[in-house]
$ cat structure-v2.pdb   # PDB, C-alpha atoms
ATOM      1  CA  MET H   1     -48.099  -3.760  15.143
ATOM      2  CA  GLY H   2     -45.367  -2.884  12.708
ATOM      3  CA  ALA H   3     -43.440  -6.044  13.447
ATOM      4  CA  GLY H   4     -46.400  -8.073  12.455
ATOM      5  CA  HIS H   5     -45.868  -6.985   8.849
ATOM      6  CA  ARG H   6     -42.349  -8.367   8.650
ATOM      7  CA  PRO H   7     -42.169 -11.753   6.921
ATOM      8  CA  HIS H   8     -41.604 -14.470   9.496
ATOM      9  CA  ARG H   9     -38.947 -17.093   9.097
ATOM     10  CA  LEU H  10     -41.352 -19.834   8.056
ATOM     11  CA  TYR H  11     -42.928 -17.780   5.284
ATOM     12  CA  VAL H  12     -41.782 -18.467   1.728
ATOM     13  CA  PRO H  13     -42.686 -15.526  -0.571
ATOM     14  CA  GLY H  14     -44.428 -16.547  -3.751
ATOM     15  CA  ARG H  15     -47.213 -15.843  -6.224
ATOM     16  CA  SER H  16     -48.794 -19.265  -6.343
ATOM     17  CA  PRO H  17     -52.578 -19.873  -6.208
ATOM     18  CA  VAL H  18     -52.130 -21.111  -2.633
ATOM     19  CA  HIS H  19     -50.381 -17.898  -1.581
ATOM     20  CA  ALA H  20     -53.176 -15.877  -3.175
ATOM     21  CA  LEU H  21     -55.975 -17.543  -1.193
ATOM     22  CA  PRO H  22     -57.518 -15.451   1.609
ATOM     23  CA  PRO H  23     -56.058 -16.450   4.975
ATOM     24  CA  HIS H  24     -59.397 -17.389   6.528
ATOM     25  CA  CYS H  25     -60.011 -19.868   3.700
ATOM     26  CA  LYS H  26     -56.652 -21.510   4.339
ATOM     27  CA  LEU H  27     -57.239 -21.608   8.097
ATOM     28  CA  VAL H  28     -60.566 -23.398   7.687
ATOM     29  CA  ALA H  29     -59.079 -25.785   5.121
ATOM     30  CA  VAL H  30     -56.121 -26.740   7.329
ATOM     31  CA  LEU H  31     -58.230 -27.153  10.467
ATOM     32  CA  THR H  32     -60.723 -29.348   8.605
ATOM     33  CA  PHE H  33     -57.930 -31.430   7.091
ATOM     34  CA  VAL H  34     -56.317 -31.957  10.512
ATOM     35  CA  LEU H  35     -59.713 -32.948  11.968
ATOM     36  CA  VAL H  36     -60.216 -35.543   9.207
ATOM     37  CA  VAL H  37     -56.726 -36.922   9.860
ATOM     38  CA  ALA H  38     -57.371 -37.048  13.613
ATOM     39  CA  ILE H  39     -60.574 -39.121  13.290
ATOM     40  CA  THR H  40     -59.092 -41.543  10.760
ATOM     41  CA  PRO H  41     -58.738 -45.035  12.283
ATOM     42  CA  ARG H  42     -55.095 -45.838  12.900
ATOM     43  CA  GLU H  43     -55.549 -49.192  11.150
ATOM     44  CA  ALA H  44     -56.232 -47.410   7.835
ATOM     45  CA  VAL H  45     -52.525 -47.203   7.049
ATOM     46  CA  TRP H  46     -53.084 -46.607   3.344
ATOM     47  CA  ALA H  47     -55.258 -43.556   4.106
ATOM     48  CA  PHE H  48     -52.358 -41.760   5.785
ATOM     49  CA  GLY H  49     -50.273 -42.368   2.683
ATOM     50  CA  TRP H  50     -52.937 -40.633   0.616
ATOM     51  CA  TYR H  51     -53.063 -37.734   3.080
ATOM     52  CA  GLY H  52     -49.315 -37.303   2.689
ATOM     53  CA  ALA H  53     -49.681 -37.342  -1.093
ATOM     54  CA  LEU H  54     -52.331 -34.613  -0.856
ATOM     55  CA  LEU H  55     -49.990 -32.398   1.162
ATOM     56  CA  VAL H  56     -47.207 -32.977  -1.368
ATOM     57  CA  ALA H  57     -49.629 -31.921  -4.122
ATOM     58  CA  VAL H  58     -50.451 -28.725  -2.220
ATOM     59  CA  ALA H  59     -46.731 -28.047  -1.720
ATOM     60  CA  ARG H  60     -46.193 -28.476  -5.459
ATOM     61  CA  ALA H  61     -49.081 -26.101  -6.213
ATOM     62  CA  ALA H  62     -47.596 -23.567  -3.786
ATOM     63  CA  ARG H  63     -44.108 -24.074  -5.276
ATOM     64  CA  ILE H  64     -42.710 -24.904  -1.834
ATOM     65  CA  PRO H  65     -39.725 -27.288  -1.999
ATOM     66  CA  VAL H  66     -40.595 -30.494  -0.181
ATOM     67  CA  HIS H  67     -37.148 -30.602   1.478
ATOM     68  CA  ARG H  68     -37.911 -27.278   3.193
ATOM     69  CA  LEU H  69     -41.061 -28.761   4.680
ATOM     70  CA  LEU H  70     -39.147 -31.820   5.831
ATOM     71  CA  LYS H  71     -36.707 -29.592   7.733
ATOM     72  CA  ARG H  72     -39.609 -27.962   9.537
ATOM     73  CA  LEU H  73     -40.875 -31.337  10.697
ATOM     74  CA  LEU H  74     -37.953 -31.412  13.143
ATOM     75  CA  ILE H  75     -40.212 -29.607  15.601
ATOM     76  CA  GLU H  76     -41.965 -32.899  16.307
ATOM     77  CA  VAL H  77     -38.788 -34.679  17.432
ATOM     78  CA  PRO H  78     -39.977 -34.794  21.102
ATOM     79  CA  PHE H  79     -43.157 -36.572  19.998
ATOM     80  CA  VAL H  80     -41.094 -39.011  17.943
ATOM     81  CA  ALA H  81     -39.048 -39.837  21.035
ATOM     82  CA  PHE H  82     -42.250 -40.422  23.008
ATOM     83  CA  ALA H  83     -43.662 -42.645  20.259
ATOM     84  CA  LEU H  84     -40.493 -44.755  20.121
ATOM     85  CA  ILE H  85     -40.858 -45.543  23.819
ATOM     86  CA  MET H  86     -44.462 -46.727  23.556
ATOM     87  CA  PRO H  87     -43.768 -50.237  22.131
ATOM     88  CA  PHE H  88     -41.601 -50.951  25.171
ATOM     89  CA  VAL H  89     -43.866 -49.640  27.935
ATOM     90  CA  VAL H  90     -47.476 -50.135  26.791
ATOM     91  CA  PRO H  91     -48.890 -53.394  28.191
ATOM     92  CA  GLY H  92     -50.638 -55.915  25.979
ATOM     93  CA  GLU H  93     -49.944 -58.610  23.406
ATOM     94  CA  GLN H  94     -46.254 -58.972  22.551
ATOM     95  CA  VAL H  95     -44.654 -59.592  19.174
ATOM     96  CA  ASP H  96     -41.062 -60.517  18.368
ATOM     97  CA  VAL H  97     -39.336 -57.999  16.079
ATOM     98  CA  GLY H  98     -35.698 -58.806  15.369
ATOM     99  CA  GLY H  99     -35.346 -60.630  18.646
ATOM    100  CA  VAL H 100     -36.930 -57.799  20.662
ATOM    101  CA  GLU H 101     -40.314 -58.212  22.333
ATOM    102  CA  LEU H 102     -42.538 -55.264  21.485
ATOM    103  CA  SER H 103     -46.092 -54.444  22.524
ATOM    104  CA  VAL H 104     -48.646 -54.672  19.716
ATOM    105  CA  PRO H 105     -50.874 -51.918  21.226
ATOM    106  CA  GLY H 106     -47.701 -49.879  21.738
ATOM    107  CA  LEU H 107     -46.728 -50.265  18.089
ATOM    108  CA  TRP H 108     -50.172 -49.162  16.954
ATOM    109  CA  GLY H 109     -50.048 -46.252  19.394
ATOM    110  CA  ALA H 110     -46.629 -45.183  18.134
ATOM    111  CA  TRP H 111     -47.838 -45.355  14.541
ATOM    112  CA  ASN H 112     -50.932 -43.327  15.460
ATOM    113  CA  VAL H 113     -48.859 -40.566  17.094
ATOM    114  CA  LEU H 114     -46.255 -40.439  14.338
ATOM    115  CA  ALA H 115     -48.656 -40.535  11.384
ATOM    116  CA  LYS H 116     -51.203 -38.032  12.666
ATOM    117  CA  GLY H 117     -48.626 -35.780  14.299
ATOM    118  CA  THR H 118     -46.459 -35.622  11.185
ATOM    119  CA  LEU H 119     -49.403 -34.829   8.918
ATOM    120  CA  GLY H 120     -50.674 -32.155  11.302
ATOM    121  CA  VAL H 121     -47.266 -30.490  11.560
ATOM    122  CA  ALA H 122     -46.790 -30.678   7.776
ATOM    123  CA  ALA H 123     -50.187 -29.050   7.149
ATOM    124  CA  SER H 124     -49.361 -26.288   9.650
ATOM    125  CA  ALA H 125     -45.956 -25.777   8.045
ATOM    126  CA  LEU H 126     -47.611 -25.379   4.652
ATOM    127  CA  LEU H 127     -49.990 -22.800   6.099
ATOM    128  CA  ALA H 128     -47.078 -20.860   7.639
ATOM    129  CA  ALA H 129     -45.054 -21.106   4.427
ATOM    130  CA  THR H 130     -47.823 -19.567   2.320
ATOM    131  CA  THR H 131     -49.342 -17.049   4.750
ATOM    132  CA  GLU H 132     -47.739 -14.147   6.583
ATOM    133  CA  LEU H 133     -48.406 -13.758  10.299
ATOM    134  CA  HIS H 134     -50.263 -10.485   9.855
ATOM    135  CA  SER H 135     -52.499 -12.153   7.281
ATOM    136  CA  LEU H 136     -53.216 -15.000   9.702
ATOM    137  CA  LEU H 137     -54.405 -12.446  12.261
ATOM    138  CA  LEU H 138     -56.661 -10.942   9.623
ATOM    139  CA  GLY H 139     -57.993 -14.417   8.909
ATOM    140  CA  LEU H 140     -58.739 -15.067  12.579
ATOM    141  CA  GLN H 141     -60.520 -11.749  12.790
ATOM    142  CA  ARG H 142     -62.495 -12.543   9.649
ATOM    143  CA  LEU H 143     -63.571 -15.871  11.181
ATOM    144  CA  ARG H 144     -65.000 -13.967  14.170
ATOM    145  CA  LEU H 145     -62.538 -15.390  16.673
ATOM    146  CA  PRO H 146     -63.079 -13.732  20.095
ATOM    147  CA  GLY H 147     -61.385 -10.346  20.096
ATOM    148  CA  LEU H 148     -59.356 -11.101  23.219
ATOM    149  CA  LEU H 149     -57.727 -14.118  21.555
ATOM    150  CA  VAL H 150     -56.886 -12.041  18.483
ATOM    151  CA  GLN H 151     -55.331  -9.414  20.746
ATOM    152  CA  ILE H 152     -53.209 -12.037  22.514
ATOM    153  CA  ALA H 153     -52.081 -13.466  19.176
ATOM    154  CA  SER H 154     -51.245  -9.992  17.835
ATOM    155  CA  PHE H 155     -49.123  -9.168  20.888
ATOM    156  CA  MET H 156     -47.379 -12.530  20.588
ATOM    157  CA  VAL H 157     -46.507 -11.692  16.976
ATOM    158  CA  ARG H 158     -45.392  -8.184  17.901
ATOM    159  CA  TYR H 159     -43.249  -9.055  20.907
ATOM    160  CA  GLY H 160     -42.073 -12.569  20.061
ATOM    161  CA  ASP H 161     -39.072 -11.169  18.199
ATOM    162  CA  VAL H 162     -38.409  -8.698  21.030
ATOM    163  CA  VAL H 163     -38.177 -11.503  23.593
ATOM    164  CA  ALA H 164     -36.046 -13.598  21.209
ATOM    165  CA  ASP H 165     -33.634 -10.652  20.787
ATOM    166  CA  GLU H 166     -33.448 -10.315  24.571
ATOM    167  CA  MET H 167     -32.544 -14.013  24.812
ATOM    168  CA  ARG H 168     -29.795 -13.570  22.220
ATOM    169  CA  ARG H 169     -28.348 -10.573  24.060
ATOM    170  CA  THR H 170     -28.357 -12.539  27.312
ATOM    171  CA  ALA H 171     -26.548 -15.431  25.627
ATOM    172  CA  VAL H 172     -23.944 -13.049  24.168
ATOM    173  CA  ALA H 173     -23.420 -11.493  27.603
ATOM    174  CA  ARG H 174     -22.803 -14.931  29.127
ATOM    175  CA  ARG H 175     -20.335 -15.909  26.420
ATOM    176  CA  SER H 176     -18.496 -12.585  26.707
ATOM    177  CA  ARG H 177     -17.837 -13.447  30.356
ATOM    178  CA  GLY H 178     -16.423 -16.834  29.443
ATOM    179  CA  PHE H 179     -19.478 -18.898  30.365
ATOM    180  CA  GLU H 180     -20.293 -22.040  28.398
ATOM    181  CA  ALA H 181     -22.881 -24.581  29.540
ATOM    182  CA  ARG H 182     -21.165 -27.960  29.615
ATOM    183  CA  GLY H 183     -23.075 -29.962  32.186
ATOM    184  CA  VAL H 184     -25.746 -30.193  34.833
ATOM    185  CA  HIS H 185     -23.742 -28.010  37.220
ATOM    186  CA  HIS H 186     -24.273 -25.072  34.834
ATOM    187  CA  TRP H 187     -28.065 -25.378  34.843
ATOM    188  CA  GLY H 188     -28.282 -22.971  37.775
ATOM    189  CA  VAL H 189     -26.848 -20.145  35.670
ATOM    190  CA  LEU H 190     -29.230 -20.926  32.825
ATOM    191  CA  ALA H 191     -32.154 -20.998  35.270
ATOM    192  CA  LYS H 192     -31.194 -17.576  36.601
ATOM    193  CA  SER H 193     -30.995 -16.269  33.029
ATOM    194  CA  ALA H 194     -34.461 -17.649  32.306
ATOM    195  CA  GLY H 195     -35.777 -16.035  35.488
ATOM    196  CA  ALA H 196     -34.257 -12.687  34.567
ATOM    197  CA  LEU H 197     -35.775 -12.946  31.077
ATOM    198  CA  PHE H 198     -39.203 -13.672  32.578
ATOM    199  CA  ILE H 199     -38.983 -10.665  34.917
ATOM    200  CA  ARG H 200     -37.877  -8.352  32.102
ATOM    201  CA  SER H 201     -40.680  -9.594  29.844
ATOM    202  CA  TYR H 202     -43.238  -9.167  32.639
ATOM    203  CA  GLU H 203     -42.040  -5.639  33.376
ATOM    204  CA  ARG H 204     -42.116  -4.783  29.668
ATOM    205  CA  GLY H 205     -45.693  -6.061  29.495
ATOM    206  CA  GLU H 206     -46.650  -3.846  32.464
ATOM    207  CA  ARG H 207     -45.111  -0.794  30.790
ATOM    208  CA  VAL H 208     -46.864  -1.532  27.496
ATOM    209  CA  HIS H 209     -50.193  -2.001  29.285
ATOM    210  CA  LEU H 210     -49.828   1.322  31.131
ATOM    211  CA  ALA H 211     -48.916   3.021  27.855
ATOM    212  CA  MET H 212     -52.039   1.565  26.231
ATOM    213  CA  LEU H 213     -54.242   2.725  29.125
ATOM    214  CA  SER H 214     -52.807   6.234  28.835
ATOM    215  CA  ARG H 215     -53.882   6.213  25.191
ATOM    216  CA  GLY H 216     -57.467   5.245  25.961
ATOM    217  CA  TYR H 217     -57.333   1.442  25.815
ATOM    218  CA  ALA H 218     -60.546   0.015  27.310
ATOM    219  CA  GLY H 219     -60.251  -3.685  26.553
ATOM    220  CA  GLU H 220     -60.571  -3.535  22.771
ATOM    221  CA  LEU H 221     -58.049  -2.705  20.099
ATOM    222  CA  PRO H 222     -59.012  -1.089  16.798
ATOM    223  CA  PRO H 223     -59.771  -3.743  14.162
ATOM    224  CA  ILE H 224     -56.732  -4.970  12.294
ATOM    225  CA  ASP H 225     -56.520  -3.370   8.857
ATOM    226  CA  THR H 226     -59.257  -4.971   6.763
ATOM    227  CA  GLY H 227     -58.777  -2.715   3.771
ATOM    228  CA  THR H 228     -56.299  -5.170   2.267
ATOM    229  CA  ALA H 229     -57.114  -8.118   0.052
ATOM    230  CA  ASP H 230     -56.385 -10.464   2.963
ATOM    231  CA  GLY H 231     -59.195  -8.927   4.991
ATOM    232  CA  ALA H 232     -61.744  -8.939   2.166
ATOM    233  CA  ALA H 233     -64.504 -11.496   1.820
ATOM    234  CA  ALA H 234     -63.541 -14.617  -0.111
ATOM    235  CA  SER H 235     -65.286 -15.488  -3.350
ATOM    236  CA  ARG H 236     -67.067 -18.771  -3.921
ATOM    237  CA  ALA H 237     -64.274 -19.864  -6.254
ATOM    238  CA  GLN H 238     -61.663 -19.201  -3.561
ATOM    239  CA  TRP H 239     -63.608 -21.184  -0.977
ATOM    240  CA  SER H 240     -63.961 -24.030  -3.484
ATOM    241  CA  TYR H 241     -60.229 -24.015  -4.212
ATOM    242  CA  ALA H 242     -59.388 -24.028  -0.513
ATOM    243  CA  ALA H 243     -61.871 -26.830   0.137
ATOM    244  CA  ALA H 244     -60.117 -29.139  -2.320
ATOM    245  CA  LEU H 245     -57.644 -30.423   0.300
ATOM    246  CA  PRO H 246     -60.100 -31.275   3.118
ATOM    247  CA  ALA H 247     -62.677 -32.563   0.614
ATOM    248  CA  ALA H 248     -60.167 -34.980  -0.909
ATOM    249  CA  ALA H 249     -59.105 -36.077   2.578
ATOM    250  CA  LEU H 250     -62.755 -36.664   3.521
ATOM    251  CA  VAL H 251     -63.243 -38.826   0.420
ATOM    252  CA  VAL H 252     -60.241 -40.925   1.459
ATOM    253  CA  LEU H 253     -61.677 -41.260   4.977
ATOM    254  CA  LEU H 254     -65.096 -42.338   3.692
ATOM    255  CA  LEU H 255     -63.498 -44.889   1.380
ATOM    256  CA  GLY H 256     -61.556 -46.235   4.332
ATOM    257  CA  TRP H 257     -64.699 -46.626   6.430
ATOM    258  CA  SER H 258     -66.601 -48.258   3.576
ATOM    259  CA  THR H 259     -63.943 -50.934   3.158
ATOM    260  CA  ARG H 260     -63.787 -51.891   6.842
TER     261      ARG H 260
END
$ encode --input "structure-v2.pdb" --output "structure tokens"
Amino acid sequence: MGAGHRPHRLYVPGRSPVHALPPHCKLVAVLTFVLVVAITPREAVWAFGWYGALLVAVARAARIPVHRLLKRLLIEVPFVAFALIMPFVVPGEQVDVGGVELSVPGLWGAWNVLAKGTLGVAASALLAATTELHSLLLGLQRLRLPGLLVQIASFMVRYGDVVADEMRRTAVARRSRGFEARGVHHWGVLAKSAGALFIRSYERGERVHLAMLSRGYAGELPPIDTGTADGAAASRAQWSYAAALPAAALVVLLLGWSTR
């Protein structure tokens, strides 16, 4: 599990109050916030603006530059592309926008996907920027997540970089032989590379499993180190501080419902 202690690329080291919160507090806070965002009616446009302002406030408290968070929102580009198609394909009432007929339900659907997806990704990015991966595993363990899921997550953390390095070596080997993907006719080579990577990863997993069995593995790993501050129980003040974000979001949601 040594690799799990290395700072991941999304983590931004710091000594802010947000960084100092126990990981299980932050996990509960983010999940609750995302749930509140998900159940917010799409027509409450102003509420999503307030949710965004709350995340900016958290980023300021964590001393995370907003432009760094914006870069990490690029991961939702596929969802943006899907949302942009919706006004053209969803049936229903039509509205003229700049000479183009667009579907009203499609526009609302696109707004719903973009607003909620962006806020969810931004909240997750904030969590990743203020919490190391090993600490997140400690938080999941502290929240009594099923042990098997924690094991899967820990192996993903441990071997994610190993698989990524294997991909980089494969890409270097292709380039060293003069290969460069320039069109559809090169997809076959890329597919073979992906297949080879899958087989190597599967074989590595088999070897690791056999090594674990030879060392007495019987379906359960020793608990992740809980002697650190991340694994300790959170104080009432820490829970209260972490609850500020979802509580404020819930107030916004209730105000939105009361004004409907």
$ axis_aligned_box --input "structure-v2.pdb" --around "segment 61-71 of chain H" --padding-each-side "3 Å" --output "JSON"
{"center_x": -42.9, "center_y": -27.7, "center_z": 0.8, "size_x": 18.4, "size_y": 14.3, "size_z": 19.9}
$ residues_around --input "structure-v2.pdb" --residues "Thr130 of chain H" --least-positions-apart "3" --cutoff "7 Å" --atoms "only C-alpha atoms" --output "VMD selection string"
chain H and resid 11 to 12 18 to 19 126 to 127
$ resolve_selection --input "structure-v2.pdb" --expression "the PyMOL selection byres ((chain H and resi 142-146) around 9)" --output "PyMOL selection string"
chain H and resi 23-24+28+137-141+147-151+226+231-233
$ closest_residue --input "structure-v2.pdb" --among "H:Val36, H:Arg215, H:Asp96, H:Ala164" --to "Phe198 of chain H" --atoms "all atoms listed in the file"
H:Ala164
$ residues_around --input "structure-v2.pdb" --residues "Trp111 of chain H" --least-positions-apart "6" --cutoff "10 Å" --atoms "all atoms listed in the file" --output "ChimeraX atom specification"
/H:42-43,45,80,83-84,86-87,105,117
$ closest_residue --input "structure-v2.pdb" --among "H:Ala115, H:Ala218, H:Leu133, H:Met156" --to "Trp46 of chain H" --atoms "all atoms listed in the file"
H:Ala115
$ closest_residue --input "structure-v2.pdb" --among "H:Gly52, H:Gly14, H:Gly98, H:Pro91" --to "Ala248 of chain H" --atoms "all atoms listed in the file"
H:Gly52
$ resolve_selection --input "structure-v2.pdb" --expression "the PyMOL selection byres ((chain H and resi 170) around 12)" --output "ChimeraX atom specification"
/H:163-169,171-177,179,189-190,192-197,200
$ resolve_selection --input "structure-v2.pdb" --expression "the PyMOL selection byres ((chain H and resi 250-257) around 12)" --output "PyMOL selection string"
chain H and resi 29+32-54+243-249+258-260
$ closest_residue --input "structure-v2.pdb" --among "H:Leu10, H:Leu119, H:Val90, H:Val95" --to "Arg68 of chain H" --atoms "all atoms listed in the file"
H:Leu10
$ closest_residue --input "structure-v2.pdb" --among "H:Tyr202, H:Ala129, H:Val97, H:Ala122" --to "Ser16 of chain H" --atoms "all atoms listed in the file"
H:Ala129
$ closest_residue --input "structure-v2.pdb" --among "H:Leu21, H:Val89, H:Thr118, H:Tyr159" --to "Val104 of chain H" --atoms "only C-alpha atoms"
H:Val89
$ atom_distance --input "structure-v2.pdb" --atom1 "atom CA of Leu136 of chain H" --atom2 "atom CA of Val30 of chain H"
12.3 Å
$ atom_distance --input "structure-v2.pdb" --atom1 "atom CA of Ser235 of chain H" --atom2 "atom CA of Leu55 of chain H"
23.2 Å
$ decode --input "structure-v2.pdb" --residues "segment 190-208 of chain H" --atoms "N, CA and C atoms" --output "PDB file, in the first residue's frame"
ATOM      1  N   LEU H 190      -4.131   0.159 -32.051  1.00  0.00           N
ATOM      2  CA  LEU H 190      -4.464   0.635 -30.709  1.00  0.00           C
ATOM      3  C   LEU H 190      -5.299  -0.390 -29.959  1.00  0.00           C
ATOM      4  N   ALA H 191      -6.203  -1.076 -30.687  1.00  0.00           N
ATOM      5  CA  ALA H 191      -7.025  -2.109 -30.044  1.00  0.00           C
ATOM      6  C   ALA H 191      -6.161  -3.266 -29.565  1.00  0.00           C
ATOM      7  N   LYS H 192      -5.177  -3.651 -30.360  1.00  0.00           N
ATOM      8  CA  LYS H 192      -4.276  -4.723 -29.942  1.00  0.00           C
ATOM      9  C   LYS H 192      -3.460  -4.306 -28.718  1.00  0.00           C
ATOM     10  N   SER H 193      -3.058  -3.035 -28.677  1.00  0.00           N
ATOM     11  CA  SER H 193      -2.319  -2.535 -27.516  1.00  0.00           C
ATOM     12  C   SER H 193      -3.188  -2.584 -26.264  1.00  0.00           C
ATOM     13  N   ALA H 194      -4.464  -2.183 -26.428  1.00  0.00           N
ATOM     14  CA  ALA H 194      -5.383  -2.221 -25.290  1.00  0.00           C
ATOM     15  C   ALA H 194      -5.595  -3.661 -24.830  1.00  0.00           C
ATOM     16  N   GLY H 195      -5.710  -4.583 -25.783  1.00  0.00           N
ATOM     17  CA  GLY H 195      -5.871  -5.991 -25.418  1.00  0.00           C
ATOM     18  C   GLY H 195      -4.660  -6.525 -24.678  1.00  0.00           C
ATOM     19  N   ALA H 196      -3.477  -6.174 -25.162  1.00  0.00           N
ATOM     20  CA  ALA H 196      -2.251  -6.618 -24.489  1.00  0.00           C
ATOM     21  C   ALA H 196      -2.163  -6.047 -23.079  1.00  0.00           C
ATOM     22  N   LEU H 197      -2.565  -4.769 -22.924  1.00  0.00           N
ATOM     23  CA  LEU H 197      -2.554  -4.149 -21.596  1.00  0.00           C
ATOM     24  C   LEU H 197      -3.516  -4.866 -20.657  1.00  0.00           C
ATOM     25  N   PHE H 198      -4.699  -5.229 -21.169  1.00  0.00           N
ATOM     26  CA  PHE H 198      -5.677  -5.939 -20.343  1.00  0.00           C
ATOM     27  C   PHE H 198      -5.118  -7.285 -19.884  1.00  0.00           C
ATOM     28  N   ILE H 199      -4.497  -8.018 -20.815  1.00  0.00           N
ATOM     29  CA  ILE H 199      -3.958  -9.344 -20.465  1.00  0.00           C
ATOM     30  C   ILE H 199      -2.842  -9.213 -19.426  1.00  0.00           C
ATOM     31  N   ARG H 200      -1.963  -8.227 -19.616  1.00  0.00           N
ATOM     32  CA  ARG H 200      -0.877  -8.034 -18.651  1.00  0.00           C
ATOM     33  C   ARG H 200      -1.424  -7.664 -17.279  1.00  0.00           C
ATOM     34  N   SER H 201      -2.440  -6.794 -17.253  1.00  0.00           N
ATOM     35  CA  SER H 201      -3.029  -6.386 -15.976  1.00  0.00           C
ATOM     36  C   SER H 201      -3.710  -7.570 -15.302  1.00  0.00           C
ATOM     37  N   TYR H 202      -4.410  -8.386 -16.100  1.00  0.00           N
ATOM     38  CA  TYR H 202      -5.081  -9.569 -15.543  1.00  0.00           C
ATOM     39  C   TYR H 202      -4.057 -10.545 -14.965  1.00  0.00           C
ATOM     40  N   GLU H 203      -2.977 -10.778 -15.714  1.00  0.00           N
ATOM     41  CA  GLU H 203      -1.953 -11.701 -15.230  1.00  0.00           C
ATOM     42  C   GLU H 203      -1.275 -11.158 -13.973  1.00  0.00           C
ATOM     43  N   ARG H 204      -1.057  -9.840 -13.935  1.00  0.00           N
ATOM     44  CA  ARG H 204      -0.463  -9.242 -12.735  1.00  0.00           C
ATOM     45  C   ARG H 204      -1.390  -9.443 -11.536  1.00  0.00           C
ATOM     46  N   GLY H 205      -2.703  -9.245 -11.769  1.00  0.00           N
ATOM     47  CA  GLY H 205      -3.664  -9.451 -10.691  1.00  0.00           C
ATOM     48  C   GLY H 205      -3.647 -10.878 -10.177  1.00  0.00           C
ATOM     49  N   GLU H 206      -3.512 -11.866 -11.097  1.00  0.00           N
ATOM     50  CA  GLU H 206      -3.435 -13.270 -10.686  1.00  0.00           C
ATOM     51  C   GLU H 206      -2.194 -13.514  -9.838  1.00  0.00           C
ATOM     52  N   ARG H 207      -1.062 -12.937 -10.245  1.00  0.00           N
ATOM     53  CA  ARG H 207       0.174 -13.137  -9.484  1.00  0.00           C
ATOM     54  C   ARG H 207       0.071 -12.504  -8.105  1.00  0.00           C
ATOM     55  N   VAL H 208      -0.516 -11.300  -8.042  1.00  0.00           N
ATOM     56  CA  VAL H 208      -0.675 -10.635  -6.748  1.00  0.00           C
ATOM     57  C   VAL H 208      -1.598 -11.437  -5.842  1.00  0.00           C
TER      58      VAL H 208
END
